[in-house]
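Participant: Following this message is one structure expressed as structure tokens.
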Amino acid sequence: MIKITLRAARVNAGLKLTEAAKLFGINKDTLSKYEKDSSNVPRSFFINIEKFYKIPVENIFWTSIRFFSEIKNCIKEEFSKEVN
């Protein structure tokens, strides 16, 4: 199963930050905060993700963007070792 960040899910749905925030009934700054760290989004937000982003919640990488970037870098390093 492929997992993507919350921000990537929004972008893939073709929504700008302000548009998505309006759909969820939250401030764009709040949505931006969730996109940076999705590990603690409230249930009221969580239940609408499939509806607005058209992606199963199981496909969202529920963590901080910093942690996601660290994992991505580790994978790149391992891949480059295997290629060389």
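We name chains A, B, ... following the order of the structure tokens; residues begin at 1 in each chain, and ligands are numbered from 1 as shown.
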Identify, on the basis of only C-alpha atoms, every residue whose closest approach to A:Gly25 does not exceed 10 Å; exclude the query and any residue fewer than 5 positions from it along the same chain; express the result as an MDAnalysis selection string.
Facilitator: chainID A and resid 19:20 31 44:45
Participant: Keeping all heavy atoms for every residue in the selection just given, could you write it to a file as a PDB file, in the first residue's frame?
Facilitator:
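File selection.pdb, as written:
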```
ATOM      1  N   GLU A  19      -9.099  26.379   0.034  1.00  0.00           N
ATOM      2  CA  GLU A  19     -10.288  25.644  -0.415  1.00  0.00           C
ATOM      3  C   GLU A  19     -10.562  24.438   0.486  1.00  0.00           C
ATOM      4  O   GLU A  19     -11.701  24.198   0.891  1.00  0.00           O
ATOM      5  CB  GLU A  19     -10.107  25.159  -1.853  1.00  0.00           C
ATOM      6  CG  GLU A  19     -10.000  26.269  -2.881  1.00  0.00           C
ATOM      7  CD  GLU A  19      -9.540  25.777  -4.242  1.00  0.00           C
ATOM      8  OE1 GLU A  19      -8.808  24.765  -4.318  1.00  0.00           O
ATOM      9  OE2 GLU A  19      -9.913  26.421  -5.235  1.00  0.00           O
ATOM     10  N   ALA A  20      -9.508  23.686   0.773  1.00  0.00           N
ATOM     11  CA  ALA A  20      -9.664  22.507   1.622  1.00  0.00           C
ATOM     12  C   ALA A  20     -10.081  22.900   3.035  1.00  0.00           C
ATOM     13  O   ALA A  20     -10.954  22.266   3.630  1.00  0.00           O
ATOM     14  CB  ALA A  20      -8.368  21.704   1.652  1.00  0.00           C
ATOM     15  N   LEU A  31      -5.270  23.886   9.135  1.00  0.00           N
ATOM     16  CA  LEU A  31      -5.012  22.835   8.156  1.00  0.00           C
ATOM     17  C   LEU A  31      -3.518  22.743   7.861  1.00  0.00           C
ATOM     18  O   LEU A  31      -2.971  21.638   7.773  1.00  0.00           O
ATOM     19  CB  LEU A  31      -5.799  23.069   6.868  1.00  0.00           C
ATOM     20  CG  LEU A  31      -5.605  22.031   5.780  1.00  0.00           C
ATOM     21  CD1 LEU A  31      -5.888  20.619   6.295  1.00  0.00           C
ATOM     22  CD2 LEU A  31      -6.470  22.349   4.573  1.00  0.00           C
ATOM     23  N   SER A  44     -13.160  14.802  14.085  1.00  0.00           N
ATOM     24  CA  SER A  44     -14.046  15.568  13.202  1.00  0.00           C
ATOM     25  C   SER A  44     -13.371  15.859  11.856  1.00  0.00           C
ATOM     26  O   SER A  44     -14.040  15.916  10.825  1.00  0.00           O
ATOM     27  CB  SER A  44     -14.474  16.874  13.868  1.00  0.00           C
ATOM     28  OG  SER A  44     -13.334  17.646  14.197  1.00  0.00           O
ATOM     29  N   PHE A  45     -12.083  16.024  11.847  1.00  0.00           N
ATOM     30  CA  PHE A  45     -11.331  16.237  10.613  1.00  0.00           C
ATOM     31  C   PHE A  45     -11.103  14.908   9.908  1.00  0.00           C
ATOM     32  O   PHE A  45     -11.318  14.776   8.714  1.00  0.00           O
ATOM     33  CB  PHE A  45      -9.978  16.899  10.938  1.00  0.00           C
ATOM     34  CG  PHE A  45      -9.095  17.090   9.747  1.00  0.00           C
ATOM     35  CD1 PHE A  45      -9.237  18.194   8.932  1.00  0.00           C
ATOM     36  CD2 PHE A  45      -8.118  16.155   9.435  1.00  0.00           C
ATOM     37  CE1 PHE A  45      -8.425  18.367   7.824  1.00  0.00           C
ATOM     38  CE2 PHE A  45      -7.302  16.317   8.340  1.00  0.00           C
ATOM     39  CZ  PHE A  45      -7.456  17.430   7.526  1.00  0.00           C
TER      40      PHE A  45
END
```
Participant: Could you check which of A:Val41, A:Ile49, A:Ala21, A:Ile60 is closest to A:Thr5, using only C-alpha atoms?
Facilitator: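 Checking each candidate against A:Thr5, we get A:Ile60 as the closest.
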Participant: Using only C-alpha atoms for the distances, tell me which of A:Phe24, A:Ser38, A:Thr18, A:Thr30 is nearest to A:Val57.
Facilitator: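 Of A:Phe24, A:Ser38, A:Thr18, A:Thr30, the one nearest A:Val57, counting only C-alpha atoms, is A:Ser38.
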Participant: Using only C-alpha atoms for the distances, tell me which of A:Ile26, A:Met1, A:Ala13, A:Arg7 is nearest to A:Pro42.
Facilitator: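 Nearest candidate to A:Pro42 out of A:Ile26, A:Met1, A:Ala13, A:Arg7: A:Ile26.
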Participant: For atom CA of A:Tyr53 and atom CA of A:Ser39, determine how far apart the two atoms are, in Å to one decimal place.
Facilitator: 17.7 Å
Participant: As an exercise, work out the distance from atom CA of A:Ile55 to atom CA of A:Glu35 in Å and give it to one decimal place.
Facilitator: 15.3 Å
Participant: Just how far from atom CA of A:Asn27 is atom CA of A:Val11, in Å to one decimal?
Facilitator: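 Distance reported for this atom pair: 17.3 Å.
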Participant: Extract the full set of alpha helix (DSSP H) residues from stretch 30-69 of chain A according to DSSP on the backbone, and format it as a list in words.
Facilitator: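 After running DSSP on the backbone, stretch 30-69 of chain A has alpha helix (DSSP H) at Thr30, Leu31, Ser32, Lys33, Tyr34, Glu35, Lys36, Arg43, Ser44, Phe45, Phe46, Ile49, Glu50, Lys51, Phe52, Tyr53, Ile65, Arg66, Phe67, Phe68 and Ser69 of chain A.
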Participant: Looking at only C-alpha atoms, which of A:Phe46, A:Asp37, A:Lys28, A:Phe61 is the one that sits closest to A:Ala8?
Facilitator: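 The closest residue to A:Ala8 is A:Phe61.
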